[in-house]
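See structure below.
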Amino acid sequence: DWLISKKNRYWGLALPIWECKKCGNFEVIGSKDELKEKAVVGWKEFNGKTPHKPQIDGVKIKCSKCGGIVDRIEPVGNPWLDAGVVPFSTISDNNGSPSYLTDRKSWEKWFPADFITEGFPGQFKNWFYALIAMSTVMEDSEAFKTVLGFETLFGENGKPMHKSSGNMIEFGEAADMIGVDVMRWMYLRQNPADSLLFGYHLADEIRRKFHLKLWNVYNFFVTYANLDGWEPSRGKGLKHFIGSAVKGKNILDQWILIRLNQTIQSVTDDLEKYNAAGATNEIEKFVDDLSLWYVRRSRNRVGPAGESEKDKNAFYGTLYSVLCTLSKLMAPFTPFLSEEIFRNLTNKESVHLTDWPHFAPSTTLRASRGEAQNEKLLSEMQIARQVVEKAHAIRKEKGIGVKQPLNEFSSTVKTVAKSLEYLIRDEINVKNLRWNSKIDKLDTNITKELKEEAGVRELVHKIQDERKRLGLDLTQKVNVRIEKLPADKNIIEWMIKKAQIKNISIGGFKVTKA
């Protein structure tokens with residue numbers, strides 16, 4: 001029986017069975033004392049040693065039927081049988097005698113185990129089986145409440161990892177080259193029912209799609225908060241910033257906090273069910289929302305482009321709260337990245353010494369807006385983003401870049417909240433929106449004015465590139481020389497503010513430090 005015994009192997013469990021080759025009689029020895037009593041050869045050499053190979057094989061007994069000298073059988077027990085008694089042999093106080101034998105009440109606090117995990121293909125017939133079998137014999141009870149069995153690891157080419165195949169990666173090498181937080185995320189986000197493909201190219205893709213995306217959000221916050229001289233108020237915690245954002249007028253701040261609260265609930269629920277893949281999926285979706293919508297649509301609220309000091313403070317307070325909370329939420333998944341973000345933002349000892357962020361029905365968000373309003377905002381924002389996706393798709397189909405302003409976009413959507421229309425207009429770069437149209441349609445007629453505005457946007461992009469080349473920070477002004485001034489004074493004012501221009505002159509394109 002493969003589940004019990006294997007062919008003669010050095011590391012196996014020496015089965016206590018002696019079989020006579022003359023008459024076929026076999027005897028099962030139940031203890032060392034019994035073996036000592038029946039031994040006729042080799043006991044002196046074995047005495048004081050553990051009953052393992054090779055020393056146990058030197059002990060021979062006399063057959064109780066024919067009187068012949070009997071050897072122990074060659075097959076050995078599956079070593080996982082030994083691991084099956086772990087609940088009974090290893091639970092103890094300060095690594096002393098097993099509590100199962102000395103303090104049953106203390107032992108029962110730990111038995112059965114809440115959770116165990118191992119690779120499913122090998123262990124469902126080994127350790128999992130042995131635990132169940134031994135626990136059934138010893139206590140007529142299950143040995144564990146929850147088991148997570150996972151599939152196999154393959155190279156990114158889909159083949160088993162072997163040194164001879166050239167696709168094996170040592171852990172130390174992977175940790176140095178990939179980064180342990182990226183490795184952890186690769187494992188945790190994987191559906192355990194499917195085999196995991198592992199390699200450098202796949203790791204790079206995960207890092208780019210998630211870790212760098214989050215780091216760029218964090219870097220944006222730190223850069224602009226330092227630029228604007230924003231610091232979290234002393235003595236005021238996250239509740240203060242969240243409360244201020246909820247009471248504020250900016251719909252984006254309210255939306256991202258609702259999404260954060262929603263994510264906390266989902267991740268907590270998934271982890272309670274040992275569903276790491278579901279939890280990481282929720283975090284990835286939130287980081288996408290944070291980066292690709294909240295920060296993207298809030299960039300002009302801060303730095304030189306920001307017009308309202310109150311709105312700047314609302315943005316910084318909101319993003320500060322989000323990043324601090326998100327670092328707590330991610331701490332079990334990416335401990336080093338979370339620690340770096342949290343400690344730098346809060347100046348506290350460690351994110352791993354803080355409480356888990358809690359989702360509660362009585363949060364400020366629910367109390368101030370009401371659950372129905374929260375759900376309504378989430379739904380409306382989703383519709384707004386779907387409109388944006390459709391408009392971007394049409395631009396791509398028509399070959400018109402988003403930097404080119406257009407007059408109008410007509411949408412088949414009946415309508416969206418007025419408070420969200422400016423987000424759609426700015427994102428798809430149109431002057432007007434028309435709702436309840438028969439088809440989704442962009443007005444692709446590019447007037448002289450629209451063409452000039454696009455040219456100015458491209459000019460600003462060139463100026464920004466020159467600023468980087470000159471090594472200027474975001475606050476330093478520049479002098480700019482361009483071939484022709486735009487006719488629209490509003491566009492000129494926008495360009496001056498956007499590119500931090502001190503003086504403009506006419507001539508060949510040139511940017512210098514003011």
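Labeling convention for the structure tokens: chains A, B, ... as they appear, residues from 1 per chain, ligands from 1 in order of appearance.
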
Within 8 Å of Lys513 of chain A using only C-alpha atoms, minus same-chain residues under 2 positions, as a list in words: Leu470, Leu472, Gln476, Lys477, Val478, Asn479 and Val511 of chain A

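Going from atom CA of Ala83 of chain A over to atom CA of Asp57 of chain A, you cover 22.5 Å.
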
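When atom CA of Arg72 of chain A is paired with atom CA of Cys23 of chain A, their separation reads 14.7 Å.
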
Shortest interatomic distance to Glu483 of chain A - which of A:Tyr294, A:Tyr129, A:Phe509, A:Phe150, counting only C-alpha atoms: A:Phe509

Would you mind listing, for every residue of segment 275-390 of chain A within 7 Å of segment 195-217 of chain A, the two atoms forming the shortest contact and the distance between them in Å to one decimal, using only C-alpha atoms, sorted by chain and ascending residue number, as a tab-separated table?
```
residue	atom	partner	partner_atom	distance
A:Glu284	CA	A:Phe210	CA	6.7
A:Val287	CA	A:Leu214	CA	6.4
A:Ser291	CA	A:Val217	CA	6.2
```

8 Å contact set for Asp228 of chain A, only C-alpha atoms, chain neighbours under 2 positions out, as a list in words: Tyr224, Ala225, Asn226, Trp230, Val302 and Gly303 of chain A

Option closest in space to Val182 of chain A, from A:Arg395, A:Arg343, A:Pro16, A:Pro335 [counting only C-alpha atoms]: A:Pro335

All residues 10 Å or closer to Glu19 of chain A, only C-alpha atoms, same chain fewer than 4 positions away omitted, as a list in words: Cys23, Gly24, Asn25, Phe26, Glu27, Val28, Ile61, Cys63, Ile69, Val70, Asp71, Arg72, Ile73 and Glu74 of chain A

Contacts of Ile492 of chain A within 12 Å, only C-alpha atoms, excl. fewer than 2 positions in-chain, as a PyMOL selection string: chain A and resi 452-453+455-457+459-460+482+484-490+494-501+503-504

Selection to disk with N, CA and C atoms, as a short mmCIF file (atom, residue, chain, number, x, y, z; two decimals), in the first residue's frame:
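Saved the output as part.cif:
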```cif
data_model
loop_
_atom_site.label_atom_id
_atom_site.label_comp_id
_atom_site.auth_asym_id
_atom_site.auth_seq_id
_atom_site.Cartn_x
_atom_site.Cartn_y
_atom_site.Cartn_z
N GLU A 452 -5.51 74.92 -32.92
CA GLU A 452 -4.55 75.78 -32.22
C GLU A 452 -4.38 75.31 -30.77
N GLU A 453 -5.50 74.94 -30.12
CA GLU A 453 -5.42 74.47 -28.73
C GLU A 453 -4.60 73.20 -28.63
N GLY A 455 -2.18 72.39 -30.63
CA GLY A 455 -0.80 72.79 -30.84
C GLY A 455 -0.17 73.33 -29.56
N VAL A 456 -0.97 74.06 -28.79
CA VAL A 456 -0.47 74.60 -27.53
C VAL A 456 -0.20 73.48 -26.53
N ARG A 457 -1.08 72.48 -26.49
CA ARG A 457 -0.88 71.33 -25.60
C ARG A 457 0.43 70.61 -25.95
N LEU A 459 2.95 71.99 -27.43
CA LEU A 459 4.02 72.92 -27.08
C LEU A 459 4.36 72.82 -25.59
N VAL A 460 3.33 72.75 -24.76
CA VAL A 460 3.54 72.62 -23.31
C VAL A 460 4.31 71.34 -23.01
N ILE A 482 8.90 81.15 -28.53
CA ILE A 482 8.14 80.33 -29.48
C ILE A 482 7.93 81.12 -30.77
N LYS A 484 5.18 81.59 -32.59
CA LYS A 484 3.96 82.36 -32.74
C LYS A 484 3.10 82.24 -31.50
N LEU A 485 2.51 83.37 -31.07
CA LEU A 485 1.62 83.34 -29.91
C LEU A 485 0.23 82.87 -30.33
N PRO A 486 -0.45 82.07 -29.50
CA PRO A 486 -1.83 81.69 -29.79
C PRO A 486 -2.74 82.92 -29.83
N ALA A 487 -3.79 82.85 -30.61
CA ALA A 487 -4.72 83.98 -30.72
C ALA A 487 -5.60 84.10 -29.48
N ASP A 488 -5.93 82.98 -28.87
CA ASP A 488 -6.83 82.95 -27.71
C ASP A 488 -6.05 83.28 -26.43
N LYS A 489 -6.40 84.37 -25.77
CA LYS A 489 -5.70 84.80 -24.56
C LYS A 489 -5.86 83.78 -23.43
N ASN A 490 -7.03 83.12 -23.38
CA ASN A 490 -7.25 82.11 -22.33
C ASN A 490 -6.28 80.94 -22.47
N TRP A 494 -3.44 79.69 -19.83
CA TRP A 494 -3.35 78.28 -19.43
C TRP A 494 -1.94 77.76 -19.63
N MET A 495 -1.33 78.09 -20.76
CA MET A 495 0.02 77.64 -21.08
C MET A 495 1.03 78.20 -20.07
N ILE A 496 0.91 79.48 -19.73
CA ILE A 496 1.83 80.12 -18.79
C ILE A 496 1.76 79.44 -17.43
N LYS A 497 0.57 79.14 -17.00
CA LYS A 497 0.40 78.51 -15.68
C LYS A 497 0.85 77.06 -15.70
N LYS A 498 0.49 76.35 -16.74
CA LYS A 498 0.79 74.92 -16.83
C LYS A 498 2.30 74.67 -16.91
N ALA A 499 3.01 75.48 -17.68
CA ALA A 499 4.44 75.26 -17.90
C ALA A 499 5.32 76.14 -17.01
N GLN A 500 4.71 76.90 -16.07
CA GLN A 500 5.47 77.76 -15.17
C GLN A 500 6.39 78.71 -15.95
N ILE A 501 5.74 79.50 -16.84
CA ILE A 501 6.48 80.41 -17.71
C ILE A 501 6.50 81.82 -17.10
N ASN A 503 8.43 84.54 -18.81
CA ASN A 503 8.40 85.45 -19.95
C ASN A 503 8.27 84.64 -21.25
N ILE A 504 7.48 85.21 -22.21
CA ILE A 504 7.35 84.60 -23.53
C ILE A 504 7.82 85.60 -24.58
#
```

Show me a table, sorted first by chain and then by increasing residue number, of the residues of segment 38-111 of chain A having an atom at most 12 Å from segment 115-123 of chain A, each with its shortest atom pair and the distance in Å to one decimal, counting only C-alpha atoms and written as a tab-separated table.
```
residue	atom	partner	partner_atom	distance
A:Asn78	CA	A:Gln123	CA	11.9
A:Pro79	CA	A:Gln123	CA	12.0
A:Trp80	CA	A:Gln123	CA	8.8
A:Leu81	CA	A:Gln123	CA	11.4
A:Ala83	CA	A:Gln123	CA	11.2
A:Gly84	CA	A:Gln123	CA	11.3
A:Val86	CA	A:Ile116	CA	11.9
A:Pro87	CA	A:Ile116	CA	11.6
A:Trp110	CA	A:Phe115	CA	10.9
A:Phe111	CA	A:Phe115	CA	10.7
```

Only C-alpha atoms, please: the residues just picked out, written as a PDB file, in the first residue's frame.
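File part_29.pdb, as written:
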```pdb
ATOM      1  CA  ASN A  78       5.915   6.428   4.344  1.00  0.00           C
ATOM      2  CA  PRO A  79       7.590   9.192   6.436  1.00  0.00           C
ATOM      3  CA  TRP A  80       4.418  11.228   6.141  1.00  0.00           C
ATOM      4  CA  LEU A  81       2.821   8.726   8.519  1.00  0.00           C
ATOM      5  CA  ALA A  83       3.997  13.660  10.284  1.00  0.00           C
ATOM      6  CA  GLY A  84       0.439  12.493  10.857  1.00  0.00           C
ATOM      7  CA  VAL A  86       2.122  16.132  14.684  1.00  0.00           C
ATOM      8  CA  PRO A  87      -1.004  17.316  16.582  1.00  0.00           C
ATOM      9  CA  TRP A 110      -4.980  23.990  19.776  1.00  0.00           C
ATOM     10  CA  PHE A 111      -6.753  20.929  18.448  1.00  0.00           C
TER      11      PHE A 111
END
```

Strand (DSSP E or B) call set, DSSP backbone run, segment 279-483 of chain A, as a PyMOL selection string: chain A and resi 406-410+430-434+441-442+478-482

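For the choices A:Ala331, A:Ile169, A:Leu35, A:Val137, the atom-to-atom distance to Asp355 of chain A is smallest for A:Ala331 when using only C-alpha atoms.
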
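As for atom CA of Gly158 of chain A and atom CA of Phe128 of chain A, they are spaced 27.1 Å apart.
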
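Summary of the local environment: counting only C-alpha atoms, residues at most 8 Å from segment 407-411 of chain A, other than itself and those fewer than 5 positions away along its chain, are Val387, Ala391, Val430, Lys431, Asn432, Leu433, Arg434, Trp435, Asn436, Ser437, Lys438, Ile439, Asp440, Lys441, Leu442, Asp443, Thr444, Asn445, Ile446 and Leu450 of chain A.
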
Selected residues written out with N, CA and C atoms, as a PDB file, in the first residue's frame:
```pdb
ATOM      1  N   VAL A 387     -18.578  55.670 -20.137  1.00  0.00           N
ATOM      2  CA  VAL A 387     -18.703  56.672 -21.193  1.00  0.00           C
ATOM      3  C   VAL A 387     -17.309  57.080 -21.684  1.00  0.00           C
ATOM      4  N   ALA A 391     -15.645  56.703 -25.467  1.00  0.00           N
ATOM      5  CA  ALA A 391     -15.113  57.850 -26.206  1.00  0.00           C
ATOM      6  C   ALA A 391     -13.654  57.625 -26.595  1.00  0.00           C
ATOM      7  N   VAL A 430     -13.296  67.092 -24.547  1.00  0.00           N
ATOM      8  CA  VAL A 430     -14.322  67.684 -25.404  1.00  0.00           C
ATOM      9  C   VAL A 430     -14.925  68.887 -24.683  1.00  0.00           C
ATOM     10  N   LYS A 431     -15.535  69.769 -25.465  1.00  0.00           N
ATOM     11  CA  LYS A 431     -16.137  70.973 -24.895  1.00  0.00           C
ATOM     12  C   LYS A 431     -17.550  70.721 -24.374  1.00  0.00           C
ATOM     13  N   ASN A 432     -18.263  69.817 -25.051  1.00  0.00           N
ATOM     14  CA  ASN A 432     -19.671  69.597 -24.703  1.00  0.00           C
ATOM     15  C   ASN A 432     -20.006  68.108 -24.692  1.00  0.00           C
ATOM     16  N   LEU A 433     -21.051  67.759 -23.922  1.00  0.00           N
ATOM     17  CA  LEU A 433     -21.568  66.393 -23.865  1.00  0.00           C
ATOM     18  C   LEU A 433     -23.043  66.402 -24.228  1.00  0.00           C
ATOM     19  N   ARG A 434     -23.453  65.417 -24.999  1.00  0.00           N
ATOM     20  CA  ARG A 434     -24.867  65.272 -25.348  1.00  0.00           C
ATOM     21  C   ARG A 434     -25.322  63.874 -24.934  1.00  0.00           C
ATOM     22  N   TRP A 435     -26.432  63.806 -24.198  1.00  0.00           N
ATOM     23  CA  TRP A 435     -26.910  62.534 -23.654  1.00  0.00           C
ATOM     24  C   TRP A 435     -28.096  61.987 -24.436  1.00  0.00           C
ATOM     25  N   ASN A 436     -28.364  60.702 -24.191  1.00  0.00           N
ATOM     26  CA  ASN A 436     -29.527  60.018 -24.765  1.00  0.00           C
ATOM     27  C   ASN A 436     -29.520  60.047 -26.293  1.00  0.00           C
ATOM     28  N   SER A 437     -28.307  59.888 -26.845  1.00  0.00           N
ATOM     29  CA  SER A 437     -28.177  59.868 -28.295  1.00  0.00           C
ATOM     30  C   SER A 437     -28.482  58.463 -28.828  1.00  0.00           C
ATOM     31  N   LYS A 438     -28.802  58.353 -30.098  1.00  0.00           N
ATOM     32  CA  LYS A 438     -29.083  57.043 -30.694  1.00  0.00           C
ATOM     33  C   LYS A 438     -27.807  56.210 -30.814  1.00  0.00           C
ATOM     34  N   ILE A 439     -26.679  56.882 -31.039  1.00  0.00           N
ATOM     35  CA  ILE A 439     -25.394  56.187 -31.129  1.00  0.00           C
ATOM     36  C   ILE A 439     -24.333  56.984 -30.385  1.00  0.00           C
ATOM     37  N   ASP A 440     -23.254  56.285 -29.993  1.00  0.00           N
ATOM     38  CA  ASP A 440     -22.102  56.979 -29.413  1.00  0.00           C
ATOM     39  C   ASP A 440     -21.305  57.599 -30.560  1.00  0.00           C
ATOM     40  N   LYS A 441     -21.081  58.912 -30.475  1.00  0.00           N
ATOM     41  CA  LYS A 441     -20.463  59.599 -31.615  1.00  0.00           C
ATOM     42  C   LYS A 441     -19.625  60.777 -31.158  1.00  0.00           C
ATOM     43  N   LEU A 442     -18.429  60.895 -31.762  1.00  0.00           N
ATOM     44  CA  LEU A 442     -17.572  62.058 -31.547  1.00  0.00           C
ATOM     45  C   LEU A 442     -17.713  63.024 -32.711  1.00  0.00           C
ATOM     46  N   ASP A 443     -17.827  64.289 -32.391  1.00  0.00           N
ATOM     47  CA  ASP A 443     -17.786  65.308 -33.437  1.00  0.00           C
ATOM     48  C   ASP A 443     -16.314  65.485 -33.818  1.00  0.00           C
ATOM     49  N   THR A 444     -15.924  64.959 -34.968  1.00  0.00           N
ATOM     50  CA  THR A 444     -14.511  64.952 -35.362  1.00  0.00           C
ATOM     51  C   THR A 444     -14.104  66.158 -36.210  1.00  0.00           C
ATOM     52  N   ASN A 445     -15.006  67.125 -36.329  1.00  0.00           N
ATOM     53  CA  ASN A 445     -14.668  68.341 -37.081  1.00  0.00           C
ATOM     54  C   ASN A 445     -13.706  69.197 -36.259  1.00  0.00           C
ATOM     55  N   ILE A 446     -12.465  69.316 -36.738  1.00  0.00           N
ATOM     56  CA  ILE A 446     -11.437  70.056 -36.003  1.00  0.00           C
ATOM     57  C   ILE A 446     -11.348  71.468 -36.570  1.00  0.00           C
ATOM     58  N   LEU A 450      -9.730  74.714 -32.364  1.00  0.00           N
ATOM     59  CA  LEU A 450      -9.407  73.425 -31.729  1.00  0.00           C
ATOM     60  C   LEU A 450      -8.003  72.966 -32.118  1.00  0.00           C
TER      61      LEU A 450
END
```

Every residue of segment 134-315 of chain A that DSSP places in alpha helix (DSSP H), as a ChimeraX atom specification: /A:134-139,171-177,180-188,200-206,212-227,238-247,251-272,276-289,309-315

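Each of A:Gln262, A:Asn250, A:Ser505, A:Asn126 was compared to Val480 of chain A using only C-alpha atoms, and A:Ser505 turns out to be the nearest.
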